[in-house]
>>> print(open('start.cif').read())   # mmCIF, N, CA, C and O atoms
data_data
loop_
_atom_site.label_atom_id
_atom_site.label_comp_id
_atom_site.auth_asym_id
_atom_site.auth_seq_id
_atom_site.Cartn_x
_atom_site.Cartn_y
_atom_site.Cartn_z
N ALA A 19 -10.06 -11.20 13.38
CA ALA A 19 -11.17 -10.35 12.98
C ALA A 19 -11.56 -9.46 14.14
O ALA A 19 -11.38 -9.83 15.31
N PHE A 20 -12.07 -8.25 13.81
CA PHE A 20 -12.66 -7.42 14.85
C PHE A 20 -14.08 -7.91 15.07
O PHE A 20 -14.81 -8.18 14.12
N ASP A 21 -14.46 -8.04 16.33
CA ASP A 21 -15.80 -8.47 16.70
C ASP A 21 -16.41 -7.37 17.55
O ASP A 21 -15.88 -7.02 18.59
N GLY A 22 -17.49 -6.82 17.09
CA GLY A 22 -18.16 -5.76 17.81
C GLY A 22 -18.30 -4.54 16.93
O GLY A 22 -17.92 -4.54 15.77
N ARG A 23 -18.82 -3.48 17.54
CA ARG A 23 -19.04 -2.23 16.80
C ARG A 23 -18.41 -1.09 17.58
O ARG A 23 -18.37 -1.10 18.80
N ASP A 24 -17.98 -0.09 16.84
CA ASP A 24 -17.36 1.07 17.46
C ASP A 24 -18.38 1.87 18.27
O ASP A 24 -18.06 2.43 19.30
N ASP A 25 -19.62 1.92 17.79
CA ASP A 25 -20.63 2.72 18.47
C ASP A 25 -21.33 1.97 19.60
O ASP A 25 -22.15 2.55 20.30
N GLN A 26 -21.00 0.69 19.78
CA GLN A 26 -21.58 -0.10 20.87
C GLN A 26 -20.49 -0.98 21.49
O GLN A 26 -20.45 -2.18 21.25
N PRO A 27 -19.57 -0.36 22.26
CA PRO A 27 -18.46 -1.13 22.84
C PRO A 27 -18.98 -2.26 23.71
O PRO A 27 -20.12 -2.21 24.17
N PRO A 28 -18.20 -3.26 23.99
CA PRO A 28 -16.79 -3.38 23.63
C PRO A 28 -16.61 -4.03 22.27
O PRO A 28 -17.49 -4.74 21.79
N ALA A 29 -15.46 -3.78 21.68
CA ALA A 29 -15.06 -4.46 20.44
C ALA A 29 -13.73 -5.15 20.73
O ALA A 29 -12.90 -4.63 21.46
N GLU A 30 -13.55 -6.31 20.15
CA GLU A 30 -12.35 -7.10 20.42
C GLU A 30 -11.73 -7.61 19.12
O GLU A 30 -12.44 -7.82 18.13
N LEU A 31 -10.43 -7.79 19.16
CA LEU A 31 -9.72 -8.47 18.08
C LEU A 31 -9.68 -9.94 18.47
O LEU A 31 -9.22 -10.27 19.56
N LYS A 32 -10.17 -10.80 17.58
CA LYS A 32 -10.26 -12.22 17.90
C LYS A 32 -9.53 -13.05 16.85
O LYS A 32 -9.59 -12.76 15.66
N CYS A 33 -8.88 -14.10 17.33
CA CYS A 33 -8.30 -15.12 16.47
C CYS A 33 -9.28 -16.29 16.47
O CYS A 33 -9.61 -16.84 17.53
N ILE A 34 -9.75 -16.65 15.29
CA ILE A 34 -10.79 -17.67 15.16
C ILE A 34 -10.31 -18.78 14.25
O ILE A 34 -9.79 -18.51 13.16
N LYS A 35 -10.50 -20.02 14.67
CA LYS A 35 -10.15 -21.16 13.82
C LYS A 35 -11.10 -21.19 12.63
O LYS A 35 -12.32 -21.21 12.80
N GLN A 36 -10.53 -21.23 11.45
CA GLN A 36 -11.35 -21.24 10.25
C GLN A 36 -12.18 -22.52 10.13
O GLN A 36 -13.32 -22.51 9.69
N ALA A 37 -11.62 -23.62 10.57
CA ALA A 37 -12.28 -24.92 10.41
C ALA A 37 -13.59 -25.03 11.18
O ALA A 37 -14.58 -25.57 10.67
N ASP A 38 -13.62 -24.51 12.42
CA ASP A 38 -14.81 -24.73 13.23
C ASP A 38 -15.36 -23.48 13.93
O ASP A 38 -16.33 -23.55 14.65
N GLY A 39 -14.71 -22.31 13.74
CA GLY A 39 -15.20 -21.08 14.34
C GLY A 39 -14.83 -20.90 15.80
O GLY A 39 -15.28 -19.94 16.44
N GLU A 40 -14.02 -21.80 16.34
CA GLU A 40 -13.62 -21.69 17.75
C GLU A 40 -12.74 -20.45 17.94
O GLU A 40 -11.83 -20.17 17.17
N VAL A 41 -13.02 -19.68 19.02
CA VAL A 41 -12.20 -18.53 19.35
C VAL A 41 -10.95 -19.02 20.08
O VAL A 41 -11.03 -19.66 21.12
N VAL A 42 -9.78 -18.73 19.50
CA VAL A 42 -8.50 -19.16 20.07
C VAL A 42 -8.02 -18.16 21.11
O VAL A 42 -7.57 -18.53 22.18
N TRP A 43 -8.11 -16.88 20.80
CA TRP A 43 -7.80 -15.82 21.76
C TRP A 43 -8.57 -14.56 21.39
O TRP A 43 -9.05 -14.42 20.28
N SER A 44 -8.68 -13.66 22.36
CA SER A 44 -9.43 -12.42 22.17
C SER A 44 -8.73 -11.31 22.96
O SER A 44 -8.34 -11.53 24.10
N GLU A 45 -8.58 -10.14 22.33
CA GLU A 45 -7.97 -8.99 22.99
C GLU A 45 -8.90 -7.79 22.86
O GLU A 45 -9.32 -7.45 21.75
N GLY A 46 -9.19 -7.14 23.96
CA GLY A 46 -10.07 -5.97 23.96
C GLY A 46 -9.32 -4.70 23.58
O GLY A 46 -9.02 -3.89 24.45
N ILE A 47 -9.03 -4.53 22.30
CA ILE A 47 -8.25 -3.36 21.86
C ILE A 47 -9.12 -2.28 21.23
O ILE A 47 -8.61 -1.26 20.80
N GLY A 48 -10.41 -2.48 21.15
CA GLY A 48 -11.28 -1.52 20.49
C GLY A 48 -11.55 -1.94 19.06
O GLY A 48 -11.26 -3.06 18.66
N TYR A 49 -12.09 -1.01 18.27
CA TYR A 49 -12.54 -1.33 16.92
C TYR A 49 -11.63 -0.69 15.89
O TYR A 49 -11.03 0.35 16.12
N GLY A 50 -11.55 -1.31 14.73
CA GLY A 50 -10.75 -0.75 13.65
C GLY A 50 -10.88 -1.59 12.40
O GLY A 50 -11.82 -2.35 12.23
N THR A 51 -9.89 -1.43 11.53
CA THR A 51 -9.81 -2.21 10.31
C THR A 51 -8.49 -2.95 10.27
O THR A 51 -7.52 -2.54 10.93
N LEU A 52 -8.44 -4.02 9.49
CA LEU A 52 -7.24 -4.85 9.41
C LEU A 52 -6.79 -5.01 7.97
O LEU A 52 -7.61 -5.13 7.06
N LEU A 53 -5.49 -5.02 7.81
CA LEU A 53 -4.86 -5.43 6.56
C LEU A 53 -3.88 -6.53 6.90
O LEU A 53 -3.23 -6.50 7.95
N PHE A 54 -3.75 -7.52 6.02
CA PHE A 54 -2.78 -8.61 6.22
C PHE A 54 -1.72 -8.49 5.14
O PHE A 54 -2.03 -8.45 3.95
N ALA A 55 -0.46 -8.41 5.57
CA ALA A 55 0.65 -8.30 4.62
C ALA A 55 1.91 -8.87 5.25
O ALA A 55 2.19 -8.62 6.43
N ASP A 56 2.66 -9.64 4.47
CA ASP A 56 3.94 -10.17 4.92
C ASP A 56 3.83 -10.94 6.23
O ASP A 56 4.69 -10.86 7.09
N GLY A 57 2.71 -11.67 6.41
CA GLY A 57 2.52 -12.48 7.61
C GLY A 57 2.17 -11.69 8.85
O GLY A 57 2.17 -12.24 9.96
N LYS A 58 1.85 -10.41 8.70
CA LYS A 58 1.52 -9.57 9.84
C LYS A 58 0.18 -8.86 9.58
O LYS A 58 -0.25 -8.72 8.46
N LEU A 59 -0.41 -8.40 10.66
CA LEU A 59 -1.63 -7.60 10.58
C LEU A 59 -1.29 -6.14 10.83
O LEU A 59 -0.51 -5.83 11.73
N ILE A 60 -1.86 -5.27 10.03
CA ILE A 60 -1.82 -3.83 10.30
C ILE A 60 -3.21 -3.48 10.80
O ILE A 60 -4.19 -3.59 10.06
N ALA A 61 -3.31 -3.14 12.07
CA ALA A 61 -4.59 -2.75 12.68
C ALA A 61 -4.62 -1.23 12.76
O ALA A 61 -3.71 -0.61 13.32
N ILE A 62 -5.65 -0.64 12.19
CA ILE A 62 -5.83 0.80 12.24
C ILE A 62 -7.12 1.05 13.02
O ILE A 62 -8.22 0.81 12.53
N LYS A 63 -6.93 1.46 14.26
CA LYS A 63 -8.07 1.63 15.15
C LYS A 63 -8.77 2.96 14.89
O LYS A 63 -8.16 3.91 14.44
N THR A 64 -10.07 3.02 15.16
CA THR A 64 -10.82 4.24 14.90
C THR A 64 -10.37 5.41 15.76
O THR A 64 -10.62 6.56 15.42
N ASP A 65 -9.67 5.15 16.86
CA ASP A 65 -9.16 6.24 17.69
C ASP A 65 -7.83 6.80 17.16
O ASP A 65 -7.24 7.68 17.76
N GLY A 66 -7.35 6.26 16.02
CA GLY A 66 -6.14 6.77 15.40
C GLY A 66 -4.87 6.01 15.70
O GLY A 66 -3.81 6.31 15.16
N GLU A 67 -4.93 5.01 16.55
CA GLU A 67 -3.74 4.21 16.85
C GLU A 67 -3.53 3.16 15.77
O GLU A 67 -4.47 2.50 15.36
N PHE A 68 -2.29 3.04 15.31
CA PHE A 68 -1.90 2.00 14.35
C PHE A 68 -1.10 0.96 15.12
O PHE A 68 -0.27 1.30 15.95
N MET A 69 -1.33 -0.31 14.81
CA MET A 69 -0.60 -1.40 15.45
C MET A 69 -0.12 -2.38 14.39
O MET A 69 -0.88 -2.75 13.50
N LEU A 70 1.13 -2.80 14.50
CA LEU A 70 1.66 -3.87 13.67
C LEU A 70 1.68 -5.10 14.56
O LEU A 70 2.32 -5.11 15.61
N ILE A 71 0.96 -6.14 14.14
CA ILE A 71 0.73 -7.32 14.98
C ILE A 71 1.22 -8.57 14.28
O ILE A 71 0.92 -8.78 13.10
N LYS A 72 1.93 -9.41 15.00
CA LYS A 72 2.30 -10.74 14.52
C LYS A 72 1.33 -11.71 15.20
O LYS A 72 1.45 -11.98 16.39
N PRO A 73 0.32 -12.17 14.47
CA PRO A 73 -0.66 -13.07 15.09
C PRO A 73 -0.19 -14.52 15.04
O PRO A 73 0.49 -14.93 14.10
N ASP A 74 -0.52 -15.26 16.06
CA ASP A 74 -0.37 -16.71 16.03
C ASP A 74 -1.31 -17.31 17.06
O ASP A 74 -2.00 -16.58 17.77
N ALA A 75 -1.34 -18.62 17.13
CA ALA A 75 -2.29 -19.30 18.01
C ALA A 75 -2.02 -19.01 19.49
O ALA A 75 -2.92 -19.13 20.32
N ALA A 76 -0.80 -18.61 19.83
CA ALA A 76 -0.46 -18.33 21.23
C ALA A 76 -0.95 -16.97 21.69
O ALA A 76 -1.07 -16.73 22.89
N GLY A 77 -1.21 -16.06 20.76
CA GLY A 77 -1.70 -14.75 21.16
C GLY A 77 -1.34 -13.67 20.18
O GLY A 77 -0.76 -13.91 19.13
N MET A 78 -1.64 -12.45 20.57
CA MET A 78 -1.38 -11.27 19.76
C MET A 78 -0.05 -10.67 20.21
O MET A 78 0.12 -10.34 21.37
N HIS A 79 0.88 -10.53 19.28
CA HIS A 79 2.19 -9.98 19.60
C HIS A 79 2.33 -8.63 18.89
O HIS A 79 2.44 -8.58 17.66
N VAL A 80 2.29 -7.54 19.65
CA VAL A 80 2.39 -6.20 19.07
C VAL A 80 3.87 -5.91 18.79
O VAL A 80 4.69 -5.90 19.70
N LEU A 81 4.20 -5.68 17.52
CA LEU A 81 5.57 -5.39 17.11
C LEU A 81 5.86 -3.89 17.11
O LEU A 81 7.00 -3.48 17.33
N ALA A 82 4.84 -3.07 16.84
CA ALA A 82 5.03 -1.62 16.81
C ALA A 82 3.67 -0.94 16.95
O ALA A 82 2.64 -1.52 16.60
N GLN A 83 3.70 0.29 17.45
CA GLN A 83 2.50 1.11 17.57
C GLN A 83 2.86 2.54 17.18
O GLN A 83 3.99 2.98 17.40
N ALA A 84 1.90 3.26 16.62
CA ALA A 84 2.12 4.65 16.23
C ALA A 84 0.79 5.38 16.18
O ALA A 84 -0.27 4.78 16.05
N ARG A 85 0.88 6.71 16.25
CA ARG A 85 -0.27 7.60 16.08
C ARG A 85 0.13 8.69 15.08
O ARG A 85 0.56 9.75 15.48
N PRO A 86 -0.03 8.41 13.79
CA PRO A 86 0.40 9.38 12.78
C PRO A 86 -0.55 10.56 12.58
O PRO A 86 -0.22 11.48 11.84
N PHE A 87 -1.69 10.55 13.25
CA PHE A 87 -2.64 11.65 13.15
C PHE A 87 -2.83 12.29 14.52
O PHE A 87 -2.67 11.63 15.54
N PRO A 88 -3.21 13.58 14.55
CA PRO A 88 -3.60 14.17 15.83
C PRO A 88 -4.86 13.48 16.34
O PRO A 88 -5.53 12.77 15.57
N PRO A 89 -5.21 13.66 17.61
CA PRO A 89 -6.42 13.00 18.13
C PRO A 89 -7.63 13.27 17.24
O PRO A 89 -7.84 14.40 16.78
N GLY A 90 -8.38 12.23 16.98
CA GLY A 90 -9.55 12.34 16.11
C GLY A 90 -10.05 10.96 15.76
O GLY A 90 -9.78 10.00 16.48
N THR A 91 -10.73 10.86 14.65
CA THR A 91 -11.35 9.60 14.25
C THR A 91 -10.83 9.16 12.89
O THR A 91 -10.78 9.96 11.95
N VAL A 92 -10.47 7.89 12.80
CA VAL A 92 -10.05 7.28 11.54
C VAL A 92 -11.07 6.19 11.21
O VAL A 92 -11.14 5.19 11.89
N ARG A 93 -11.88 6.43 10.18
CA ARG A 93 -12.90 5.46 9.79
C ARG A 93 -12.73 4.95 8.37
O ARG A 93 -13.23 3.91 8.01
N ALA A 94 -12.04 5.70 7.54
CA ALA A 94 -11.90 5.31 6.13
C ALA A 94 -11.06 4.04 6.02
O ALA A 94 -10.11 3.84 6.76
N LEU A 95 -11.43 3.19 5.08
CA LEU A 95 -10.67 1.96 4.87
C LEU A 95 -9.29 2.30 4.30
O LEU A 95 -9.17 3.09 3.37
N PRO A 96 -8.25 1.69 4.86
CA PRO A 96 -6.89 1.94 4.36
C PRO A 96 -6.62 1.15 3.09
O PRO A 96 -7.35 0.22 2.75
N ALA A 97 -5.55 1.53 2.41
CA ALA A 97 -5.09 0.79 1.24
C ALA A 97 -3.59 0.60 1.36
O ALA A 97 -2.87 1.47 1.86
N LEU A 98 -3.11 -0.53 0.89
CA LEU A 98 -1.68 -0.86 0.92
C LEU A 98 -1.27 -1.24 -0.49
O LEU A 98 -1.87 -2.12 -1.11
N ALA A 99 -0.23 -0.54 -1.02
CA ALA A 99 0.25 -0.83 -2.37
C ALA A 99 1.73 -0.46 -2.45
O ALA A 99 2.12 0.64 -2.05
N ALA A 100 2.54 -1.39 -2.96
CA ALA A 100 3.96 -1.14 -3.21
C ALA A 100 4.68 -0.58 -1.99
O ALA A 100 5.50 0.32 -2.10
N GLY A 101 4.37 -1.11 -0.81
CA GLY A 101 5.05 -0.67 0.40
C GLY A 101 4.58 0.66 0.95
O GLY A 101 5.19 1.22 1.85
N LYS A 102 3.48 1.17 0.43
CA LYS A 102 2.92 2.43 0.90
C LYS A 102 1.54 2.18 1.50
O LYS A 102 0.70 1.51 0.91
N LEU A 103 1.31 2.73 2.69
CA LEU A 103 0.02 2.62 3.37
C LEU A 103 -0.69 3.96 3.23
O LEU A 103 -0.18 5.00 3.65
N TYR A 104 -1.86 3.93 2.60
CA TYR A 104 -2.67 5.14 2.39
C TYR A 104 -3.82 5.10 3.38
O TYR A 104 -4.60 4.14 3.42
N VAL A 105 -3.91 6.16 4.18
CA VAL A 105 -4.94 6.21 5.21
C VAL A 105 -5.32 7.66 5.45
O VAL A 105 -4.52 8.57 5.24
N ARG A 106 -6.58 7.86 5.86
CA ARG A 106 -7.01 9.23 6.14
C ARG A 106 -7.86 9.28 7.39
O ARG A 106 -8.53 8.32 7.76
N ASP A 107 -7.78 10.44 8.03
CA ASP A 107 -8.68 10.71 9.14
C ASP A 107 -9.79 11.61 8.61
O ASP A 107 -10.05 11.64 7.41
N GLU A 108 -10.41 12.39 9.47
CA GLU A 108 -11.52 13.24 9.04
C GLU A 108 -11.07 14.42 8.17
O GLU A 108 -11.88 15.05 7.53
N HIS A 109 -9.74 14.71 8.15
CA HIS A 109 -9.28 15.92 7.47
C HIS A 109 -8.13 15.69 6.49
O HIS A 109 -7.95 16.48 5.58
N THR A 110 -7.32 14.67 6.70
CA THR A 110 -6.06 14.54 5.98
C THR A 110 -5.86 13.14 5.43
O THR A 110 -6.12 12.16 6.12
N LEU A 111 -5.35 13.06 4.20
CA LEU A 111 -4.93 11.81 3.61
C LEU A 111 -3.41 11.72 3.75
O LEU A 111 -2.70 12.67 3.42
N LYS A 112 -2.92 10.60 4.27
CA LYS A 112 -1.48 10.41 4.43
C LYS A 112 -1.04 9.17 3.68
O LYS A 112 -1.77 8.19 3.57
N CYS A 113 0.20 9.23 3.20
CA CYS A 113 0.85 8.09 2.58
C CYS A 113 2.07 7.77 3.44
O CYS A 113 2.99 8.59 3.55
N LEU A 114 2.09 6.59 4.04
CA LEU A 114 3.18 6.19 4.94
C LEU A 114 4.00 5.09 4.29
O LEU A 114 3.45 4.09 3.81
N ASN A 115 5.30 5.25 4.28
CA ASN A 115 6.19 4.22 3.75
C ASN A 115 6.33 3.12 4.80
O ASN A 115 6.85 3.36 5.88
N VAL A 116 5.85 1.93 4.48
CA VAL A 116 5.92 0.82 5.43
C VAL A 116 6.79 -0.32 4.91
O VAL A 116 6.72 -1.44 5.41
N LYS A 117 7.62 -0.02 3.92
CA LYS A 117 8.55 -1.03 3.41
C LYS A 117 9.55 -1.38 4.50
O LYS A 117 9.99 -0.50 5.25
N PRO A 118 9.94 -2.64 4.59
CA PRO A 118 10.98 -3.02 5.56
C PRO A 118 12.29 -2.29 5.23
O PRO A 118 12.62 -2.08 4.06
N ARG A 119 12.99 -1.90 6.27
CA ARG A 119 14.30 -1.27 6.07
C ARG A 119 15.33 -2.33 5.74
O ARG A 119 15.39 -3.39 6.35
N ILE A 120 16.16 -2.04 4.77
CA ILE A 120 17.25 -2.96 4.40
C ILE A 120 18.45 -2.59 5.26
O ILE A 120 18.88 -1.45 5.30
N ARG A 121 18.98 -3.61 5.93
CA ARG A 121 20.14 -3.36 6.81
C ARG A 121 21.35 -4.05 6.31
O ARG A 121 21.42 -4.99 5.72
#
>>> encode(input="start.cif", output="structure tokens")
Amino acid sequence: AFDGRDDQPPAELKCIKQADGEVVWSEGIGYGTLLFADGKLIAIKTDGEFMLIKPDAAGMHVLAQARPFPPGTVRALPALAAGKLYVRDEHTLKCLNVKPRIR
């Protein structure tokens, strides 16, 4: 979960035990929104950075990062459907194909 607010830094991504609320690990990556799909987290930060994260109790493992928008602010909640990620910044709506590549 993201803990904190974008307008009052710092904000952190935290792994929390559901059973007792204990914080397992915390990373100061800023604020954003999260989607969970295929055992991974898609973090879309308000500064426009996208991160694909494999979370586990040992820590946050970043698998990929991207900036599909020019510098600006991304606040709208994303949507994921049929392998397509729909996200918008202050000016543009984008549809990104995030289906795994078949090799």
>>> residues_around(input="start.cif", residues="A:Leu98", least_positions_apart="5", cutoff="8 Å", atoms="all atoms listed in the file", output="NGL selection string")
:A and (53 or 103-105 or 114)
>>> write_last_selection(input="start.cif", atoms="N, CA, C and O atoms", output="CSV table (one decimal), in the coordinates of the input")
chain,number,residue,atom,x,y,z
A,53,LEU,N,-5.5,-5.0,7.8
A,53,LEU,CA,-4.9,-5.4,6.6
A,53,LEU,C,-3.9,-6.5,6.9
A,53,LEU,O,-3.2,-6.5,8.0
A,103,LEU,N,1.3,2.7,2.7
A,103,LEU,CA,0.0,2.6,3.4
A,103,LEU,C,-0.7,4.0,3.2
A,103,LEU,O,-0.2,5.0,3.6
A,104,TYR,N,-1.9,3.9,2.6
A,104,TYR,CA,-2.7,5.1,2.4
A,104,TYR,C,-3.8,5.1,3.4
A,104,TYR,O,-4.6,4.1,3.4
A,105,VAL,N,-3.9,6.2,4.2
A,105,VAL,CA,-4.9,6.2,5.2
A,105,VAL,C,-5.3,7.7,5.4
A,105,VAL,O,-4.5,8.6,5.2
A,114,LEU,N,2.1,6.6,4.0
A,114,LEU,CA,3.2,6.2,4.9
A,114,LEU,C,4.0,5.1,4.3
A,114,LEU,O,3.4,4.1,3.8
>>> resolve_selection(input="start.cif", expression="the PyMOL selection byres ((chain A and resi 75-80) around 8)", output="list of chain:residue names")
A:Leu31, A:Cys33, A:Val42, A:Trp43, A:Ser44, A:Glu45, A:Lys58, A:Leu59, A:Met69, A:Leu70, A:Ile71, A:Lys72, A:Pro73, A:Asp74, A:Leu81, A:Ala82, A:Gln83
>>> select_by_dssp(input="start.cif", residues="chain A", states="strand (DSSP E)", output="number ranges by chain")
A: 20-23, 26-34, 41-45, 50-55, 58-63, 68-74, 77-84, 97-99, 102-106, 111-115
>>> atom_distance(input="start.cif", atom1="atom C of A:Arg106", atom2="atom CA of A:Phe87")
8.1 Å
>>> residues_around(input="start.cif", residues="A:Thr51", least_positions_apart="4", cutoff="9 Å", atoms="only C-alpha atoms", output="CSV table (one decimal) with N, CA, C and O atoms, in the frame of the given file")
chain,number,residue,atom,x,y,z
A,19,ALA,N,-10.1,-11.2,13.4
A,19,ALA,CA,-11.2,-10.4,13.0
A,19,ALA,C,-11.6,-9.5,14.1
A,19,ALA,O,-11.4,-9.8,15.3
A,20,PHE,N,-12.1,-8.2,13.8
A,20,PHE,CA,-12.7,-7.4,14.8
A,20,PHE,C,-14.1,-7.9,15.1
A,20,PHE,O,-14.8,-8.2,14.1
A,60,ILE,N,-1.9,-5.3,10.0
A,60,ILE,CA,-1.8,-3.8,10.3
A,60,ILE,C,-3.2,-3.5,10.8
A,60,ILE,O,-4.2,-3.6,10.1
A,61,ALA,N,-3.3,-3.1,12.1
A,61,ALA,CA,-4.6,-2.8,12.7
A,61,ALA,C,-4.6,-1.2,12.8
A,61,ALA,O,-3.7,-0.6,13.3
A,62,ILE,N,-5.6,-0.6,12.2
A,62,ILE,CA,-5.8,0.8,12.2
A,62,ILE,C,-7.1,1.0,13.0
A,62,ILE,O,-8.2,0.8,12.5
A,63,LYS,N,-6.9,1.5,14.3
A,63,LYS,CA,-8.1,1.6,15.2
A,63,LYS,C,-8.8,3.0,14.9
A,63,LYS,O,-8.2,3.9,14.4
A,64,THR,N,-10.1,3.0,15.2
A,64,THR,CA,-10.8,4.2,14.9
A,64,THR,C,-10.4,5.4,15.8
A,64,THR,O,-10.6,6.6,15.4
A,93,ARG,N,-11.9,6.4,10.2
A,93,ARG,CA,-12.9,5.5,9.8
A,93,ARG,C,-12.7,5.0,8.4
A,93,ARG,O,-13.2,3.9,8.0
A,94,ALA,N,-12.0,5.7,7.5
A,94,ALA,CA,-11.9,5.3,6.1
A,94,ALA,C,-11.1,4.0,6.0
A,94,ALA,O,-10.1,3.8,6.8
A,95,LEU,N,-11.4,3.2,5.1
A,95,LEU,CA,-10.7,2.0,4.9
A,95,LEU,C,-9.3,2.3,4.3
A,95,LEU,O,-9.2,3.1,3.4
A,96,PRO,N,-8.2,1.7,4.9
A,96,PRO,CA,-6.9,1.9,4.4
A,96,PRO,C,-6.6,1.2,3.1
A,96,PRO,O,-7.4,0.2,2.8
>>> atom_distance(input="start.cif", atom1="atom C of A:Gly101", atom2="atom O of A:Val116")
5.4 Å
>>> atom_distance(input="start.cif", atom1="atom N of A:Ala55", atom2="atom CA of A:Pro88")
25.0 Å
>>> axis_aligned_box(input="start.cif", around="stretch 67-82 of chain A", padding_each_side="6 Å", output="AutoDock Vina command-line options")
--center_x 1.0 --center_y -7.1 --center_z 18.0 --size_x 23.9 --size_y 36.3 --size_z 21.8
>>> closest_residue(input="start.cif", among="A:Gln26, A:Gly66, A:Leu52, A:Asp107", to="A:Ala84", atoms="all atoms listed in the file")
A:Gly66
>>> decode(input="start.cif", residues="stretch 42-108 of chain A", atoms="C-alpha atoms", output="compact mmCIF listing (two decimals), in the first residue's frame")
# COMPACT_ATOMS: atom_id res chain seq x y z
CA VAL A 42 7.51 -5.87 6.64
CA TRP A 43 9.35 -3.40 4.41
CA SER A 44 9.02 0.19 3.22
CA GLU A 45 10.41 1.99 0.16
CA GLY A 46 10.38 5.76 -0.28
CA ILE A 47 9.30 5.87 -3.93
CA GLY A 48 6.75 8.68 -3.69
CA TYR A 49 2.99 8.53 -4.14
CA GLY A 50 0.83 6.84 -6.73
CA THR A 51 -1.77 4.19 -7.38
CA LEU A 52 -1.46 0.42 -7.49
CA LEU A 53 -2.99 -2.35 -9.53
CA PHE A 54 -2.40 -6.04 -8.77
CA ALA A 55 -2.33 -8.45 -11.71
CA ASP A 56 -0.63 -11.77 -12.43
CA GLY A 57 1.15 -11.73 -9.06
CA LYS A 58 2.73 -8.33 -9.73
CA LEU A 59 2.03 -4.72 -8.83
CA ILE A 60 1.71 -1.98 -11.41
CA ALA A 61 2.64 1.25 -9.63
CA ILE A 62 1.72 4.45 -11.44
CA LYS A 63 3.36 7.32 -9.65
CA THR A 64 1.95 10.85 -9.76
CA ASP A 65 5.19 12.08 -11.35
CA GLY A 66 4.46 9.88 -14.39
CA GLU A 67 6.80 6.98 -13.69
CA PHE A 68 5.35 3.49 -14.13
CA MET A 69 6.89 0.56 -12.26
CA LEU A 70 6.27 -3.18 -12.56
CA ILE A 71 7.02 -4.67 -9.15
CA LYS A 72 7.28 -8.26 -7.93
CA PRO A 73 6.49 -7.90 -4.23
CA ASP A 74 7.44 -10.42 -1.58
CA ALA A 75 8.37 -10.48 2.09
CA ALA A 76 12.07 -9.96 1.25
CA GLY A 77 11.48 -6.63 -0.46
CA MET A 78 10.38 -4.75 -3.53
CA HIS A 79 11.80 -6.11 -6.78
CA VAL A 80 11.43 -3.68 -9.71
CA LEU A 81 11.06 -5.68 -12.94
CA ALA A 82 10.57 -2.72 -15.31
CA GLN A 83 10.16 1.05 -15.34
CA ALA A 84 8.80 3.43 -17.97
CA ARG A 85 7.64 7.01 -18.53
CA PRO A 86 4.97 6.87 -21.25
CA PHE A 87 3.99 10.52 -20.75
CA PRO A 88 5.99 13.74 -21.03
CA PRO A 89 6.82 15.36 -17.67
CA GLY A 90 3.63 16.24 -15.83
CA THR A 91 1.15 14.83 -13.36
CA VAL A 92 -0.72 11.54 -13.44
CA ARG A 93 -3.55 11.48 -10.89
CA ALA A 94 -6.40 9.65 -12.60
CA LEU A 95 -7.02 6.09 -11.46
CA PRO A 96 -5.82 3.56 -14.04
CA ALA A 97 -7.85 0.66 -15.40
CA LEU A 98 -6.65 -2.75 -16.55
CA ALA A 99 -8.76 -4.94 -18.86
CA ALA A 100 -7.90 -7.74 -21.30
CA GLY A 101 -4.17 -7.00 -21.18
CA LYS A 102 -4.64 -3.28 -21.81
CA LEU A 103 -3.68 -0.59 -19.29
CA TYR A 104 -5.73 2.61 -19.62
CA VAL A 105 -4.18 5.65 -18.00
CA ARG A 106 -4.24 9.40 -18.47
CA ASP A 107 -2.27 12.42 -17.47
CA GLU A 108 -3.58 15.99 -17.43
